[in-house]
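Novice: Please find one structure pasted underneath; my questions will follow.
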Amino acid sequence: MKGIFIVMEGPDGSGKTTQIEMLKEYLEENGYETLVTREPGGTVIGEDIRRIILNPEYKKMSEVTEMLLYAASRAQLVKELIGPALENGKIVISDRFVDSSVVYQGIARGIGIETVNEVNRPGIGAYKPDCIFFIDIPEEEGIRRKKEQKKLDRMEQESIDFHHMVSEGYRTVLSDRKEVIRISGMDKPENIQKEIREVIMPYLKGYQE
């Protein structure tokens, strides 16, 4: 039995992590075996890569280096966790996937969408999300939330213009795709979760059958 691959996407501060935690709790309470992963990271190798990517001291990191590091972490995550979990019938919830690289590196960094897709293709293989939740918020609100939570990492410290390109990039890349569900991140977390669960229900019905 193949599992269900769910991805949460959105700008920094959109509330993805909160929604993932709430969805995981809901699924497990209803008897579904669930794996939660995050990008970059999720594996021992990936977490080491994450520390490099997000280190505020590495301001001289080139756009290409950044793209390759994200792709490397993702490839390890698919090989080690996502692929096996899906093949074993689990529900996988990933905090970001390849669309985040398309947006952050392909668009905001100016590398190009096709270049990012080509670099990531070998590491992803045949695994594609069944459902992508795009939690959309204004970039100013996202950064405000992040500043209230903790010290900003290297990516979060980018200019507001960069984060504006990220937000607009998401709206462009994820528009008109049947697997994408856009949700406003400005609503209360419990209302957002209710909407997410309503969307998930048909997938769970098919999964049970």
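As shown in the structure tokens, the chain order sets the letters A, B, ...; within each chain, residues go from 1, and ligands are also counted from 1 in the order they appear.
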Report the residues of chain A whose backbone DSSP state falls under alpha helix (DSSP H), written as a VMD selection string.
Specialist: chain A and resid 16 to 29 44 to 54 63 to 77 83 to 87 98 to 101 113 to 124 139 to 149 160 to 173 189 to 208
Novice: Applying 8 Å and only C-alpha atoms, which residues near region 195-208 of chain A remain after dropping the ones on its own chain fewer than 3 positions away? List them as number ranges by chain.
Specialist: A: 3-4, 23, 133, 191-192
Novice: Could you tell me which of A:Phe5, A:Tyr58, A:Tyr32, A:Tyr170 comes closest to Ala85 (chain A) if we count only C-alpha atoms?
Specialist: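 So, comparing all the options, the nearest one is A:Phe5.
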Novice: Tell me which protein, DNA and RNA residues are within 10 Å of Gln19 (chain A), counting only C-alpha atoms, leaving out same-chain ones fewer than 4 positions away, and put them as a short mmCIF file (atom, residue, chain, number, x, y, z; two decimals) with N, CA and C atoms, in the first residue's frame.
Specialist:
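Listed below is the output, out-v8.cif:
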```cif
data_model
loop_
_atom_site.label_atom_id
_atom_site.label_comp_id
_atom_site.auth_asym_id
_atom_site.auth_seq_id
_atom_site.Cartn_x
_atom_site.Cartn_y
_atom_site.Cartn_z
N MET A 8 3.55 20.95 3.52
CA MET A 8 3.16 22.30 3.96
C MET A 8 4.18 23.29 3.42
N SER A 14 4.78 31.65 8.43
CA SER A 14 3.39 31.41 7.99
C SER A 14 2.60 30.50 8.93
N GLY A 15 3.29 29.84 9.85
CA GLY A 15 2.61 28.96 10.80
C GLY A 15 2.56 27.51 10.39
N LEU A 23 -1.99 18.65 12.84
CA LEU A 23 -2.45 17.61 11.92
C LEU A 23 -1.90 16.24 12.31
N LYS A 24 -0.65 16.19 12.71
CA LYS A 24 -0.05 14.93 13.15
C LYS A 24 -0.81 14.36 14.34
N GLU A 25 -1.12 15.21 15.31
CA GLU A 25 -1.86 14.77 16.50
C GLU A 25 -3.23 14.22 16.11
N ASP A 95 7.49 19.48 6.16
CA ASP A 95 7.58 20.93 6.30
C ASP A 95 8.51 21.41 5.19
N ILE A 135 0.23 27.93 2.84
CA ILE A 135 -0.26 28.88 3.84
C ILE A 135 0.31 30.25 3.50
N PRO A 189 -5.25 29.80 14.27
CA PRO A 189 -4.68 28.48 13.98
C PRO A 189 -5.71 27.36 13.97
N GLU A 190 -6.68 27.40 14.89
CA GLU A 190 -7.68 26.33 14.94
C GLU A 190 -8.60 26.36 13.72
N ILE A 192 -7.63 27.45 10.70
CA ILE A 192 -6.79 26.95 9.60
C ILE A 192 -6.74 25.43 9.65
N GLN A 193 -6.58 24.88 10.85
CA GLN A 193 -6.51 23.43 11.00
C GLN A 193 -7.81 22.77 10.58
N LYS A 194 -8.92 23.38 10.91
CA LYS A 194 -10.22 22.83 10.52
C LYS A 194 -10.32 22.73 9.01
N ILE A 196 -7.81 22.52 6.90
CA ILE A 196 -6.87 21.49 6.45
C ILE A 196 -7.47 20.10 6.62
#
```
Novice: Taking into account only C-alpha atoms, which residue in the set A:Ile132, A:Lys146, A:Glu57, A:Ala108 is nearest to Val180 (chain A)?
Specialist: A:Ile132
Novice: What does the distance between CA of Val92 (chain A) and CA of Lys128 (chain A) come to in Å, to one decimal place?
Specialist: 11.3 Å
Novice: Just the residues within 7 Å of region 96-100 of chain A, please, counting only C-alpha atoms, with nothing from its chain fewer than 5 positions along; format it as a list in words.
Specialist: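 In the requested format, the answer is Val7, Met8, Glu9, Arg38 and Glu39 of chain A.
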Novice: I need the strand (DSSP E or B) residues of chain A per DSSP on the backbone, written as a PDB file with C-alpha atoms, in the first residue's frame.
Specialist:
```
ATOM      1  CA  ILE A   4      -0.074   9.731   1.440  1.00  0.00           C
ATOM      2  CA  PHE A   5       2.468  12.501   0.891  1.00  0.00           C
ATOM      3  CA  ILE A   6       1.369  15.838   2.372  1.00  0.00           C
ATOM      4  CA  VAL A   7       3.519  18.978   2.117  1.00  0.00           C
ATOM      5  CA  MET A   8       3.157  22.295   3.958  1.00  0.00           C
ATOM      6  CA  GLU A   9       4.572  25.278   2.084  1.00  0.00           C
ATOM      7  CA  THR A  34       2.391   9.338  10.495  1.00  0.00           C
ATOM      8  CA  LEU A  35       5.911  10.536   9.756  1.00  0.00           C
ATOM      9  CA  VAL A  36       6.776  14.245  10.053  1.00  0.00           C
ATOM     10  CA  THR A  37       9.870  15.606   8.326  1.00  0.00           C
ATOM     11  CA  ARG A  38      11.340  19.037   7.753  1.00  0.00           C
ATOM     12  CA  ILE A  91       1.255   9.233   5.905  1.00  0.00           C
ATOM     13  CA  VAL A  92       4.183  11.621   5.447  1.00  0.00           C
ATOM     14  CA  ILE A  93       3.870  15.310   6.353  1.00  0.00           C
ATOM     15  CA  SER A  94       6.824  17.393   5.174  1.00  0.00           C
ATOM     16  CA  ASP A  95       7.580  20.932   6.296  1.00  0.00           C
ATOM     17  CA  CYS A 131      -1.462  17.336  -1.460  1.00  0.00           C
ATOM     18  CA  ILE A 132       0.299  20.681  -0.900  1.00  0.00           C
ATOM     19  CA  PHE A 133      -1.050  23.209   1.591  1.00  0.00           C
ATOM     20  CA  PHE A 134       0.153  26.715   0.746  1.00  0.00           C
ATOM     21  CA  ILE A 135      -0.259  28.875   3.844  1.00  0.00           C
ATOM     22  CA  ASP A 136      -0.167  32.420   2.507  1.00  0.00           C
ATOM     23  CA  VAL A 180      -2.332  22.761  -4.130  1.00  0.00           C
ATOM     24  CA  ILE A 181      -4.733  24.207  -1.564  1.00  0.00           C
ATOM     25  CA  ARG A 182      -4.139  27.860  -0.714  1.00  0.00           C
ATOM     26  CA  ILE A 183      -5.075  28.867   2.829  1.00  0.00           C
ATOM     27  CA  SER A 184      -4.850  32.288   4.454  1.00  0.00           C
TER      28      SER A 184
END
```
Novice: Counting only C-alpha atoms, which of A:Ile53, A:Ile143, A:Ile111, A:Val44 gets nearest to Gly13 (chain A)?
Specialist: A:Ile143
Novice: Return the single residue from A:Ser175, A:Arg154, A:Ile113, A:Arg74 that is closest to Lys60 (chain A), with distances computed using only C-alpha atoms.
Specialist: A:Arg154
Novice: Please indicate the distance in Å from CA of Glu87 (chain A) to CA of Ala75 (chain A), rounded to one decimal place.
Specialist: 16.3 Å
Novice: Considering only C-alpha atoms, can you say which of A:Gly106, A:Pro11, A:Gly123, A:Gly31 comes closest to Ala72 (chain A)?
Specialist: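 Once distances to Ala72 (chain A) are computed over only C-alpha atoms, the minimum belongs to A:Gly123.
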Novice: Do a neighbour search on Glu168 (chain A) at 12 Å with only C-alpha atoms, toss out local chain neighbours closer than 4 positions, and write the hits as a list of chain:residue names.
Specialist: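 Result of the neighbour search: A:Gly10, A:Pro11, A:Val103, A:Tyr104, A:Ile107, A:Ala108, A:Asp136, A:Ile137, A:Pro138, A:Glu139, A:Asp161, A:Phe162, A:His163, A:His164, A:Thr172, A:Val173, A:Leu174, A:Ser175.
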Novice: Looking at A:Glu47, A:Glu179, A:Met186, A:Ile52, which one is nearest to Thr65 (chain A), with distances taken over only C-alpha atoms?
Specialist: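 Nearest to Thr65 (chain A): A:Ile52.
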Novice: Expressed in Å to a single decimal, how great is the separation between CA of Asn55 (chain A) and CA of Gly41 (chain A)?
Specialist: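 CA of Gly41 (chain A) lies 13.5 Å from CA of Asn55 (chain A).
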